[in-house]
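S.K.: For reference, this is input_23.cif, and it has mmCIF, C-alpha atoms and all ligand atoms.
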data_data
loop_
_atom_site.label_atom_id
_atom_site.label_comp_id
_atom_site.auth_asym_id
_atom_site.auth_seq_id
_atom_site.Cartn_x
_atom_site.Cartn_y
_atom_site.Cartn_z
CA MET A 632 39.33 111.43 136.75
CA ARG A 633 39.52 109.59 140.07
CA ILE A 634 43.03 108.61 141.19
CA ASN A 635 44.04 106.01 143.79
CA ASN A 636 47.61 105.33 144.85
CA LEU A 637 48.75 101.75 144.21
CA SER A 638 51.51 102.00 146.82
CA THR A 639 53.09 104.58 149.10
CA HIS A 640 55.81 105.45 146.60
CA PHE A 641 54.78 104.76 142.98
CA GLY A 642 51.93 103.76 140.70
CA ILE A 643 48.40 105.12 140.43
CA GLU A 644 45.07 103.70 139.35
CA VAL A 645 42.90 105.97 137.23
CA ASN A 646 39.12 105.50 137.19
CA ASP A 647 36.24 107.47 135.68
CA PHE A 648 38.36 108.53 132.75
CA ASP A 649 38.13 107.79 129.03
CA LEU A 650 41.29 107.74 126.94
CA MET A 651 39.03 108.60 123.96
CA ASP A 652 39.07 112.16 125.37
CA ILE A 653 42.86 112.39 125.04
CA ASN A 654 44.34 114.31 122.11
CA SER A 655 47.50 116.25 121.28
CA ASP A 656 46.22 119.25 123.25
CA ASN A 657 45.78 117.43 126.55
CA ILE A 658 48.22 114.48 126.34
CA SER A 659 50.44 116.38 128.78
CA VAL A 660 48.02 115.29 131.54
CA ILE A 661 48.97 111.65 130.92
CA LYS A 662 52.66 112.41 130.38
CA ASP A 663 52.89 114.35 133.64
CA LEU A 664 51.12 111.61 135.61
CA LEU A 665 53.41 109.00 134.07
CA LEU A 666 56.58 110.94 134.81
CA LYS A 667 55.52 111.53 138.40
CA ASN A 668 54.07 108.09 139.21
CA GLN A 669 56.04 105.72 136.91
CA ILE A 670 53.00 103.47 136.28
CA LEU A 671 49.43 104.36 135.32
CA VAL A 672 46.72 101.72 135.50
CA ILE A 673 43.74 103.09 133.62
CA ARG A 674 40.55 101.10 134.12
CA ASP A 675 37.51 100.33 131.93
CA GLN A 676 38.75 101.43 128.52
CA LYS A 677 36.91 100.47 125.35
CA LEU A 678 39.36 101.52 122.66
CA SER A 679 39.56 99.91 119.25
CA LEU A 680 43.08 98.77 118.40
CA ASP A 681 43.30 101.66 115.91
CA LYS A 682 42.44 104.15 118.64
CA TYR A 683 44.83 102.43 121.07
CA LYS A 684 47.61 102.92 118.54
CA GLU A 685 46.58 106.51 117.86
CA ILE A 686 46.78 107.39 121.56
CA SER A 687 50.11 105.63 121.99
CA LEU A 688 51.57 107.84 119.25
CA LEU A 689 50.79 110.89 121.37
CA LEU A 690 53.23 109.52 123.96
CA GLY A 691 56.09 108.45 121.74
CA ASP A 692 57.38 106.70 118.62
CA ILE A 693 56.31 103.09 118.37
CA THR A 694 59.19 100.61 118.61
CA PHE A 695 59.09 97.16 117.09
CA TYR A 696 59.66 93.97 119.05
CA PRO A 697 62.28 91.90 117.21
CA PHE A 698 60.65 88.54 117.94
CA SER A 699 57.13 89.18 116.65
CA LYS A 700 55.61 90.61 113.47
CA GLY A 701 52.73 91.99 115.52
CA LEU A 702 49.06 91.51 114.76
CA PRO A 703 48.31 91.01 111.06
CA ASP A 704 46.32 94.26 110.76
CA HIS A 705 48.35 96.10 113.41
CA PRO A 706 52.05 95.26 113.14
CA GLU A 707 52.79 97.81 115.88
CA ILE A 708 50.82 95.75 118.40
CA VAL A 709 52.31 92.57 119.85
CA GLN A 710 49.70 90.19 121.18
CA ILE A 711 50.79 88.05 124.12
CA ARG A 712 48.58 85.00 124.68
CA LYS A 713 48.61 82.24 127.21
CA GLU A 714 46.19 79.51 126.22
CA LYS A 715 44.29 77.38 128.73
CA HIS A 716 46.50 74.35 128.15
CA GLN A 717 49.84 76.17 128.34
CA HIS A 718 51.85 75.90 131.53
CA LYS A 719 54.65 78.40 130.93
CA ASN A 720 53.89 82.09 130.56
CA PHE A 721 55.57 85.07 128.91
CA SER A 722 57.82 87.33 130.98
CA GLU A 723 57.77 85.40 134.25
CA MET A 724 61.29 86.56 135.13
CA TRP A 725 61.90 90.07 136.44
CA HIS A 726 63.03 92.39 133.66
CA THR A 727 63.04 95.75 131.95
CA ASP A 728 61.61 95.40 128.45
CA SER A 729 64.10 94.59 125.67
CA THR A 730 67.28 95.92 127.28
CA TYR A 731 69.23 93.87 124.72
CA LEU A 732 68.33 96.59 122.18
CA ASP A 733 70.50 99.69 121.75
CA ASN A 734 67.35 101.77 122.13
CA PRO A 735 65.06 99.83 124.42
CA PRO A 736 61.51 101.14 124.79
CA ASP A 737 61.07 103.98 127.28
CA PHE A 738 57.38 103.23 127.75
CA THR A 739 55.33 100.07 127.51
CA MET A 740 51.55 99.99 127.17
CA LEU A 741 49.58 96.83 127.87
CA TYR A 742 45.87 96.57 127.05
CA ALA A 743 44.08 93.65 128.69
CA GLU A 744 41.69 91.85 126.35
CA VAL A 745 41.04 88.53 128.12
CA VAL A 746 42.09 87.92 131.72
CA PRO A 747 41.73 84.90 134.01
CA PRO A 748 39.03 85.10 136.73
CA MET A 749 41.79 85.23 139.34
CA GLY A 750 45.56 85.57 139.09
CA GLY A 751 47.64 86.69 136.11
CA ASP A 752 48.79 89.86 137.89
CA THR A 753 51.89 91.81 136.95
CA VAL A 754 54.26 92.84 139.74
CA PHE A 755 56.26 96.03 139.35
CA SER A 756 59.32 97.29 141.23
CA ASN A 757 60.25 100.91 141.76
CA THR A 758 63.90 100.76 140.74
CA VAL A 759 64.45 104.39 141.73
CA LYS A 760 63.49 103.66 145.33
CA ALA A 761 65.62 100.51 145.22
CA TYR A 762 68.65 102.49 144.01
CA ASN A 763 68.09 105.15 146.66
CA GLU A 764 68.10 102.53 149.40
CA LEU A 765 71.50 101.14 148.45
CA SER A 766 74.38 102.20 150.68
CA ASP A 767 76.44 105.17 149.50
CA ALA A 768 79.47 102.89 149.07
CA MET A 769 77.49 100.50 146.84
CA LYS A 770 76.23 103.42 144.76
CA ILE A 771 79.83 104.46 144.14
CA VAL A 772 80.73 100.89 143.07
CA ILE A 773 77.94 100.65 140.50
CA ASP A 774 77.54 104.26 139.35
CA ASN A 775 80.08 104.01 136.56
CA LEU A 776 79.64 100.38 135.56
CA GLU A 777 78.09 99.26 132.31
CA CYS A 778 76.23 96.01 131.76
CA ILE A 779 75.90 93.68 128.80
CA ASN A 780 72.30 92.64 128.20
CA VAL A 781 71.39 89.74 125.94
CA SER A 782 68.13 88.42 124.56
CA ASP A 783 68.91 84.75 125.08
CA LEU A 784 70.41 84.58 128.57
CA HIS A 785 67.72 82.16 129.67
CA SER A 786 66.32 79.58 127.34
CA GLN A 787 62.76 80.58 126.77
CA ASP A 788 60.24 79.68 124.14
CA ARG A 789 58.70 83.00 123.26
CA THR A 790 57.03 81.49 120.23
CA GLN A 791 54.25 79.79 122.14
CA HIS A 792 52.90 83.07 123.52
CA LEU A 793 53.21 85.44 120.58
CA ALA A 794 50.36 85.71 118.11
CA THR A 795 52.91 86.03 115.29
CA ILE A 796 56.58 85.11 115.26
CA GLN A 797 59.54 86.78 113.67
CA GLU A 798 62.79 84.90 113.44
CA SER A 799 65.64 86.91 114.88
CA LYS A 800 69.15 86.20 115.94
CA ALA A 801 70.19 86.71 119.53
CA LEU A 802 70.67 90.39 120.31
CA SER A 803 72.87 92.18 122.81
CA SER A 804 73.55 95.72 123.92
CA ILE A 805 75.56 97.64 126.51
CA HIS A 806 73.85 100.02 128.94
CA PRO A 807 74.72 101.83 132.17
CA VAL A 808 74.09 99.84 135.33
CA VAL A 809 72.59 102.97 136.84
CA MET A 810 70.04 104.63 134.59
CA LYS A 811 69.78 108.39 134.87
CA HIS A 812 66.35 109.41 133.68
CA PRO A 813 66.81 111.96 130.89
CA LYS A 814 63.81 114.05 131.96
CA THR A 815 63.90 113.94 135.76
CA GLY A 816 67.55 113.10 136.44
CA VAL A 817 66.57 110.44 138.98
CA LYS A 818 68.76 107.34 139.11
CA SER A 819 67.57 103.73 139.06
CA ILE A 820 68.99 100.20 139.04
CA TYR A 821 69.13 99.13 135.39
CA VAL A 822 70.40 95.55 135.56
CA ASN A 823 67.75 92.85 135.27
CA GLU A 824 67.54 89.16 135.93
CA GLU A 825 66.22 88.15 132.53
CA HIS A 826 68.75 89.90 130.31
CA THR A 827 71.86 91.13 132.16
CA HIS A 828 74.75 88.80 131.38
CA SER A 829 77.75 90.59 132.91
CA PHE A 830 79.40 93.92 133.59
CA ASN A 831 81.24 95.33 130.61
CA GLY A 832 84.93 94.34 130.84
CA MET A 833 84.34 91.60 133.41
CA THR A 834 83.64 87.92 133.03
CA ARG A 835 80.20 86.58 133.88
CA ALA A 836 81.72 84.77 136.85
CA GLU A 837 83.20 88.03 138.15
CA SER A 838 79.92 89.86 137.59
CA LYS A 839 77.38 87.35 138.72
CA GLY A 840 77.51 87.87 142.48
CA LEU A 841 76.77 91.58 142.25
CA ILE A 842 74.23 91.17 139.44
CA ASP A 843 72.39 88.60 141.56
CA TYR A 844 72.47 90.95 144.54
CA LEU A 845 71.01 93.87 142.60
CA THR A 846 68.41 91.85 140.70
CA ASN A 847 67.23 90.23 143.93
CA PHE A 848 67.32 93.54 145.80
CA ILE A 849 64.76 95.17 143.48
CA LYS A 850 62.30 92.32 144.24
CA ARG A 851 61.97 93.28 147.91
CA SER A 852 58.31 93.75 148.81
CA GLU A 853 58.73 97.33 149.96
CA PHE A 854 59.77 98.35 146.44
CA THR A 855 56.92 96.59 144.63
CA LEU A 856 53.24 96.81 143.79
CA ARG A 857 50.91 94.33 142.14
CA VAL A 858 48.54 95.13 139.29
CA ASN A 859 45.42 93.05 138.89
CA TRP A 860 44.07 93.16 135.36
CA LYS A 861 40.48 93.43 134.23
CA PRO A 862 39.28 93.41 130.63
CA GLY A 863 39.73 96.97 129.39
CA THR A 864 42.57 97.85 131.78
CA ILE A 865 45.39 99.74 130.08
CA ALA A 866 48.65 100.09 131.98
CA ILE A 867 51.43 102.43 130.88
CA TRP A 868 54.81 102.33 132.57
CA ASP A 869 58.22 103.94 132.32
CA ASN A 870 60.86 101.27 131.77
CA ARG A 871 63.59 103.65 132.95
CA THR A 872 62.29 103.66 136.51
CA THR A 873 60.59 100.27 136.89
CA GLN A 874 61.00 96.54 136.38
CA HIS A 875 58.21 93.98 136.20
CA HIS A 876 57.31 90.33 135.92
CA ALA A 877 54.15 88.43 135.01
CA VAL A 878 52.85 86.07 137.71
CA ASN A 879 52.18 82.59 136.33
CA ASP A 880 49.37 81.36 138.59
CA TYR A 881 46.31 80.87 136.37
CA HIS A 882 46.72 77.55 134.61
CA GLY A 883 43.54 76.49 132.82
CA HIS A 884 42.55 80.02 131.80
CA LEU A 885 43.13 82.16 128.72
CA ARG A 886 44.96 85.49 129.06
CA VAL A 887 45.36 87.86 126.09
CA MET A 888 47.23 91.18 126.28
CA ASN A 889 47.99 93.69 123.52
CA ARG A 890 51.32 95.44 123.89
CA ILE A 891 52.75 98.60 122.37
CA THR A 892 56.27 99.80 123.16
CA LEU A 893 57.40 103.39 122.68
CA GLN A 894 60.39 105.69 122.57
CA ASP A 895 59.75 108.88 124.50
CA TYR A 896 59.63 112.10 122.46
CA ASN A 897 62.33 114.58 123.42
FE FE B 901 57.89 92.96 129.97
#
Spell out the structure here as structure tokens.
Ligand SMILES: [Fe+2]
M.R.:
Amino acid sequence: MRINNLSTHFGIEVNDFDLMDINSDNISVIKDLLLKNQILVIRDQKLSLDKYKEISLLLGDITFYPFSKGLPDHPEIVQIRKEKHQHKNFSEMWHTDSTYLDNPPDFTMLYAEVVPPMGGDTVFSNTVKAYNELSDAMKIVIDNLECINVSDLHSQDRTQHLATIQESKALSSIHPVVMKHPKTGVKSIYVNEEHTHSFNGMTRAESKGLIDYLTNFIKRSEFTLRVNWKPGTIAIWDNRTTQHHAVNDYHGHLRVMNRITLQDYN
């Protein structure tokens, strides 16, 4: 296993390593790397979708995305496609995955099947570092706030990028504004631009200024890294310590990604 840092503070790239060699006896290697580095970008994998699913189950329980039925033979896998002719992409706004659910996924895995020759990167933010760089007074202001997250804050047509669609009503859930990681105890900013509507007990107008500040703050370059995908790249990230968005800069090219979301085992 050859490891390169993707930034000075989070994220690693793993080369010369085959996920086929991972089993219940040695999955702790991956879990430990993930806990320590927040994002793993594992290159040159050749897993079948069955094997991909099998390995994901070593990390956690698979969670189901409410807006897609998944692939016909693999309902646990959500395929995200941007066709050559499509202009909009999926997940362009900064977000943490599905925070409108009461139990949003702790981990997300993305397996690149088809990628554009250039572009189509995903940018990640280290929301632990962002939290740590807030002033002490701001930390006190937000430490005990809760936020209301909704699935339909911004009008978006998910249907055009999901291989299968599931009709679902709009969803919402309340979460702490500051996430305390259950395993490491580190704190992170847990409001996000795509889904956070307001602070619990406040109007949206009262909340919006501070939500905008925090959701813009996490985008600062010194908190981020950029992942370039190649066919066979599998990324795994911890949603409790990161946010991400998909860069929409590859019009005219197909991009196909297979996603699995997971709840961490206790
Ligand atoms: Fe996402």
S.K.: Give me the residues within 7 Å of stretch 885-897 of chain A as an MDAnalysis selection string, counting all atoms listed in the file and dropping any in the same chain fewer than 6 places off.
M.R.: chainID A and resid 690:694 707:715 736:747
S.K.: Tell me, as a PDB file with C-alpha atoms, in the coordinates of the input, which residues lie within 12 Å of stretch 783-797 of chain A, counting only C-alpha atoms; anything in the same chain fewer than 3 positions away does not count.
M.R.:
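Now in selection-v2.pdb:
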ATOM      1  CA  PHE A 695      59.090  97.160 117.090  1.00  0.00           C
ATOM      2  CA  TYR A 696      59.660  93.970 119.050  1.00  0.00           C
ATOM      3  CA  PRO A 697      62.280  91.900 117.210  1.00  0.00           C
ATOM      4  CA  PHE A 698      60.650  88.540 117.940  1.00  0.00           C
ATOM      5  CA  SER A 699      57.130  89.180 116.650  1.00  0.00           C
ATOM      6  CA  LYS A 700      55.610  90.610 113.470  1.00  0.00           C
ATOM      7  CA  GLY A 701      52.730  91.990 115.520  1.00  0.00           C
ATOM      8  CA  LEU A 702      49.060  91.510 114.760  1.00  0.00           C
ATOM      9  CA  PRO A 703      48.310  91.010 111.060  1.00  0.00           C
ATOM     10  CA  ASP A 704      46.320  94.260 110.760  1.00  0.00           C
ATOM     11  CA  HIS A 705      48.350  96.100 113.410  1.00  0.00           C
ATOM     12  CA  PRO A 706      52.050  95.260 113.140  1.00  0.00           C
ATOM     13  CA  GLU A 707      52.790  97.810 115.880  1.00  0.00           C
ATOM     14  CA  ILE A 708      50.820  95.750 118.400  1.00  0.00           C
ATOM     15  CA  VAL A 709      52.310  92.570 119.850  1.00  0.00           C
ATOM     16  CA  GLN A 710      49.700  90.190 121.180  1.00  0.00           C
ATOM     17  CA  ILE A 711      50.790  88.050 124.120  1.00  0.00           C
ATOM     18  CA  ARG A 712      48.580  85.000 124.680  1.00  0.00           C
ATOM     19  CA  LYS A 713      48.610  82.240 127.210  1.00  0.00           C
ATOM     20  CA  GLU A 714      46.190  79.510 126.220  1.00  0.00           C
ATOM     21  CA  LYS A 715      44.290  77.380 128.730  1.00  0.00           C
ATOM     22  CA  HIS A 716      46.500  74.350 128.150  1.00  0.00           C
ATOM     23  CA  GLN A 717      49.840  76.170 128.340  1.00  0.00           C
ATOM     24  CA  HIS A 718      51.850  75.900 131.530  1.00  0.00           C
ATOM     25  CA  LYS A 719      54.650  78.400 130.930  1.00  0.00           C
ATOM     26  CA  ASN A 720      53.890  82.090 130.560  1.00  0.00           C
ATOM     27  CA  PHE A 721      55.570  85.070 128.910  1.00  0.00           C
ATOM     28  CA  SER A 722      57.820  87.330 130.980  1.00  0.00           C
ATOM     29  CA  GLU A 723      57.770  85.400 134.250  1.00  0.00           C
ATOM     30  CA  MET A 724      61.290  86.560 135.130  1.00  0.00           C
ATOM     31  CA  TRP A 725      61.900  90.070 136.440  1.00  0.00           C
ATOM     32  CA  HIS A 726      63.030  92.390 133.660  1.00  0.00           C
ATOM     33  CA  SER A 729      64.100  94.590 125.670  1.00  0.00           C
ATOM     34  CA  THR A 730      67.280  95.920 127.280  1.00  0.00           C
ATOM     35  CA  TYR A 731      69.230  93.870 124.720  1.00  0.00           C
ATOM     36  CA  ILE A 779      75.900  93.680 128.800  1.00  0.00           C
ATOM     37  CA  ASN A 780      72.300  92.640 128.200  1.00  0.00           C
ATOM     38  CA  LYS A 800      69.150  86.200 115.940  1.00  0.00           C
ATOM     39  CA  ALA A 801      70.190  86.710 119.530  1.00  0.00           C
ATOM     40  CA  LEU A 802      70.670  90.390 120.310  1.00  0.00           C
ATOM     41  CA  SER A 803      72.870  92.180 122.810  1.00  0.00           C
ATOM     42  CA  SER A 804      73.550  95.720 123.920  1.00  0.00           C
ATOM     43  CA  ASN A 823      67.750  92.850 135.270  1.00  0.00           C
ATOM     44  CA  GLU A 824      67.540  89.160 135.930  1.00  0.00           C
ATOM     45  CA  GLU A 825      66.220  88.150 132.530  1.00  0.00           C
ATOM     46  CA  HIS A 826      68.750  89.900 130.310  1.00  0.00           C
ATOM     47  CA  THR A 827      71.860  91.130 132.160  1.00  0.00           C
ATOM     48  CA  HIS A 828      74.750  88.800 131.380  1.00  0.00           C
ATOM     49  CA  SER A 829      77.750  90.590 132.910  1.00  0.00           C
ATOM     50  CA  ARG A 835      80.200  86.580 133.880  1.00  0.00           C
ATOM     51  CA  LEU A 885      43.130  82.160 128.720  1.00  0.00           C
ATOM     52  CA  ARG A 886      44.960  85.490 129.060  1.00  0.00           C
ATOM     53  CA  VAL A 887      45.360  87.860 126.090  1.00  0.00           C
ATOM     54  CA  MET A 888      47.230  91.180 126.280  1.00  0.00           C
ATOM     55  CA  ASN A 889      47.990  93.690 123.520  1.00  0.00           C
ATOM     56  CA  ARG A 890      51.320  95.440 123.890  1.00  0.00           C
TER      57      ARG A 890
END
S.K.: Using all atoms listed in the file, can you tell me which of A:Lys850, A:Lys814, A:His876, A:Arg633 comes closest to ligand FE 901 (chain B)?
M.R.: A:His876
S.K.: Work out how far apart atom CA of A:Leu841 and atom CA of A:Glu764 are and give it in Å to one decimal.
M.R.: 15.7 Å
S.K.: Show which residues sit within 8 Å of A:Asn635, as a ChimeraX atom specification. Count all atoms listed in the file, and ignore same-chain residues fewer than 6 positions away.
M.R.: /A:643-645
S.K.: Can those selected residues be exported to a file as a PDB file, in the frame of the given file so that it contains C-alpha atoms?
M.R.:
ATOM      1  CA  ILE A 643      48.400 105.120 140.430  1.00  0.00           C
ATOM      2  CA  GLU A 644      45.070 103.700 139.350  1.00  0.00           C
ATOM      3  CA  VAL A 645      42.900 105.970 137.230  1.00  0.00           C
TER       4      VAL A 645
END
S.K.: Please, which residues are within 10 Å of (47.2, 103.7, 134.2) by the file's coordinates, counting all atoms listed in the file, and could they come as number ranges by chain?
M.R.: A: 634, 642-646, 661, 664-665, 668-674, 740-741, 864-868
S.K.: Keeping only C-alpha atoms, write the selected residues as a PDB file, in the frame of the given file.
M.R.:
ATOM      1  CA  ILE A 634      43.030 108.610 141.190  1.00  0.00           C
ATOM      2  CA  GLY A 642      51.930 103.760 140.700  1.00  0.00           C
ATOM      3  CA  ILE A 643      48.400 105.120 140.430  1.00  0.00           C
ATOM      4  CA  GLU A 644      45.070 103.700 139.350  1.00  0.00           C
ATOM      5  CA  VAL A 645      42.900 105.970 137.230  1.00  0.00           C
ATOM      6  CA  ASN A 646      39.120 105.500 137.190  1.00  0.00           C
ATOM      7  CA  ILE A 661      48.970 111.650 130.920  1.00  0.00           C
ATOM      8  CA  LEU A 664      51.120 111.610 135.610  1.00  0.00           C
ATOM      9  CA  LEU A 665      53.410 109.000 134.070  1.00  0.00           C
ATOM     10  CA  ASN A 668      54.070 108.090 139.210  1.00  0.00           C
ATOM     11  CA  GLN A 669      56.040 105.720 136.910  1.00  0.00           C
ATOM     12  CA  ILE A 670      53.000 103.470 136.280  1.00  0.00           C
ATOM     13  CA  LEU A 671      49.430 104.360 135.320  1.00  0.00           C
ATOM     14  CA  VAL A 672      46.720 101.720 135.500  1.00  0.00           C
ATOM     15  CA  ILE A 673      43.740 103.090 133.620  1.00  0.00           C
ATOM     16  CA  ARG A 674      40.550 101.100 134.120  1.00  0.00           C
ATOM     17  CA  MET A 740      51.550  99.990 127.170  1.00  0.00           C
ATOM     18  CA  LEU A 741      49.580  96.830 127.870  1.00  0.00           C
ATOM     19  CA  THR A 864      42.570  97.850 131.780  1.00  0.00           C
ATOM     20  CA  ILE A 865      45.390  99.740 130.080  1.00  0.00           C
ATOM     21  CA  ALA A 866      48.650 100.090 131.980  1.00  0.00           C
ATOM     22  CA  ILE A 867      51.430 102.430 130.880  1.00  0.00           C
ATOM     23  CA  TRP A 868      54.810 102.330 132.570  1.00  0.00           C
TER      24      TRP A 868
END
S.K.: Which residue, A:Met749, A:Ile771, A:Leu650, A:Val754, has the smallest gap to ligand FE 901 (chain B) when you use only C-alpha atoms and all ligand atoms?
M.R.: A:Val754
S.K.: May I have the centre and edge lengths, in Å to one decimal, of an axis-aligned box around the listed atoms of stretch 652-669 of chain A with 5 Å added to every side, as AutoDock Vina command-line options?
M.R.:
--center_x 47.8 --center_y 112.5 --center_z 130.2 --size_x 27.5 --size_y 23.5 --size_z 27.9
S.K.: Which residues come within 8 Å of A:Leu689, counting only C-alpha atoms, excluding same-chain residues fewer than 5 positions away, as a list in words?
M.R.: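 Counting only C-alpha atoms, the residues come to Asn654, Ser655 and Ile658 of chain A.
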S.K.: Taking the block above, write stretch 776-784 of chain A with all heavy atoms as a CSV table (one decimal), in the first residue's frame.
M.R.:
chain,number,residue,atom,x,y,z
A,776,LEU,N,-26.7,25.1,19.3
A,776,LEU,CA,-27.8,25.3,18.3
A,776,LEU,C,-28.1,24.0,17.6
A,776,LEU,O,-27.2,23.2,17.4
A,776,LEU,CB,-27.4,26.4,17.3
A,776,LEU,CG,-27.3,27.9,17.7
A,776,LEU,CD1,-26.8,28.7,16.6
A,776,LEU,CD2,-28.7,28.3,18.2
A,777,GLU,N,-29.3,23.9,17.2
A,777,GLU,CA,-29.7,22.8,16.3
A,777,GLU,C,-30.1,23.4,15.0
A,777,GLU,O,-30.6,24.6,14.9
A,777,GLU,CB,-30.9,22.1,16.9
A,777,GLU,CG,-30.5,21.3,18.1
A,777,GLU,CD,-31.8,20.6,18.7
A,777,GLU,OE1,-32.9,21.2,18.7
A,777,GLU,OE2,-31.6,19.4,19.1
A,778,CYS,N,-30.1,22.6,13.9
A,778,CYS,CA,-30.5,23.1,12.6
A,778,CYS,C,-31.5,22.2,12.0
A,778,CYS,O,-31.6,21.0,12.3
A,778,CYS,CB,-29.3,23.3,11.7
A,778,CYS,SG,-28.3,21.8,11.4
A,779,ILE,N,-32.4,22.8,11.2
A,779,ILE,CA,-33.4,22.1,10.5
A,779,ILE,C,-32.9,21.9,9.0
A,779,ILE,O,-32.7,22.9,8.3
A,779,ILE,CB,-34.8,22.8,10.5
A,779,ILE,CG1,-35.2,23.0,12.0
A,779,ILE,CG2,-35.8,22.1,9.7
A,779,ILE,CD1,-36.5,23.9,12.1
A,780,ASN,N,-32.8,20.7,8.6
A,780,ASN,CA,-32.3,20.4,7.3
A,780,ASN,C,-33.5,19.8,6.5
A,780,ASN,O,-34.2,18.9,7.0
A,780,ASN,CB,-31.2,19.4,7.3
A,780,ASN,CG,-30.0,19.9,8.1
A,780,ASN,OD1,-29.6,21.0,7.9
A,780,ASN,ND2,-29.5,19.1,9.0
A,781,VAL,N,-33.6,20.2,5.2
A,781,VAL,CA,-34.7,19.8,4.4
A,781,VAL,C,-34.2,19.3,3.0
A,781,VAL,O,-33.1,19.8,2.6
A,781,VAL,CB,-35.8,20.9,4.2
A,781,VAL,CG1,-36.4,21.3,5.5
A,781,VAL,CG2,-35.2,22.1,3.5
A,782,SER,N,-34.9,18.4,2.4
A,782,SER,CA,-34.5,17.8,1.2
A,782,SER,C,-34.8,18.7,0.0
A,782,SER,O,-34.2,18.5,-1.1
A,782,SER,CB,-35.1,16.5,0.9
A,782,SER,OG,-36.5,16.6,0.9
A,783,ASP,N,-35.7,19.7,0.1
A,783,ASP,CA,-36.1,20.4,-1.0
A,783,ASP,C,-35.9,21.9,-0.9
A,783,ASP,O,-36.7,22.8,-1.3
A,783,ASP,CB,-37.6,20.2,-1.3
A,783,ASP,CG,-38.5,20.6,-0.1
A,783,ASP,OD1,-37.9,20.8,1.0
A,783,ASP,OD2,-39.7,20.6,-0.3
A,784,LEU,N,-34.8,22.3,-0.2
A,784,LEU,CA,-34.5,23.7,0.0
A,784,LEU,C,-34.3,24.4,-1.3
A,784,LEU,O,-34.7,25.6,-1.5
A,784,LEU,CB,-33.3,23.9,0.9
A,784,LEU,CG,-32.9,25.2,1.4
A,784,LEU,CD1,-34.0,26.0,2.1
A,784,LEU,CD2,-31.6,25.2,2.3
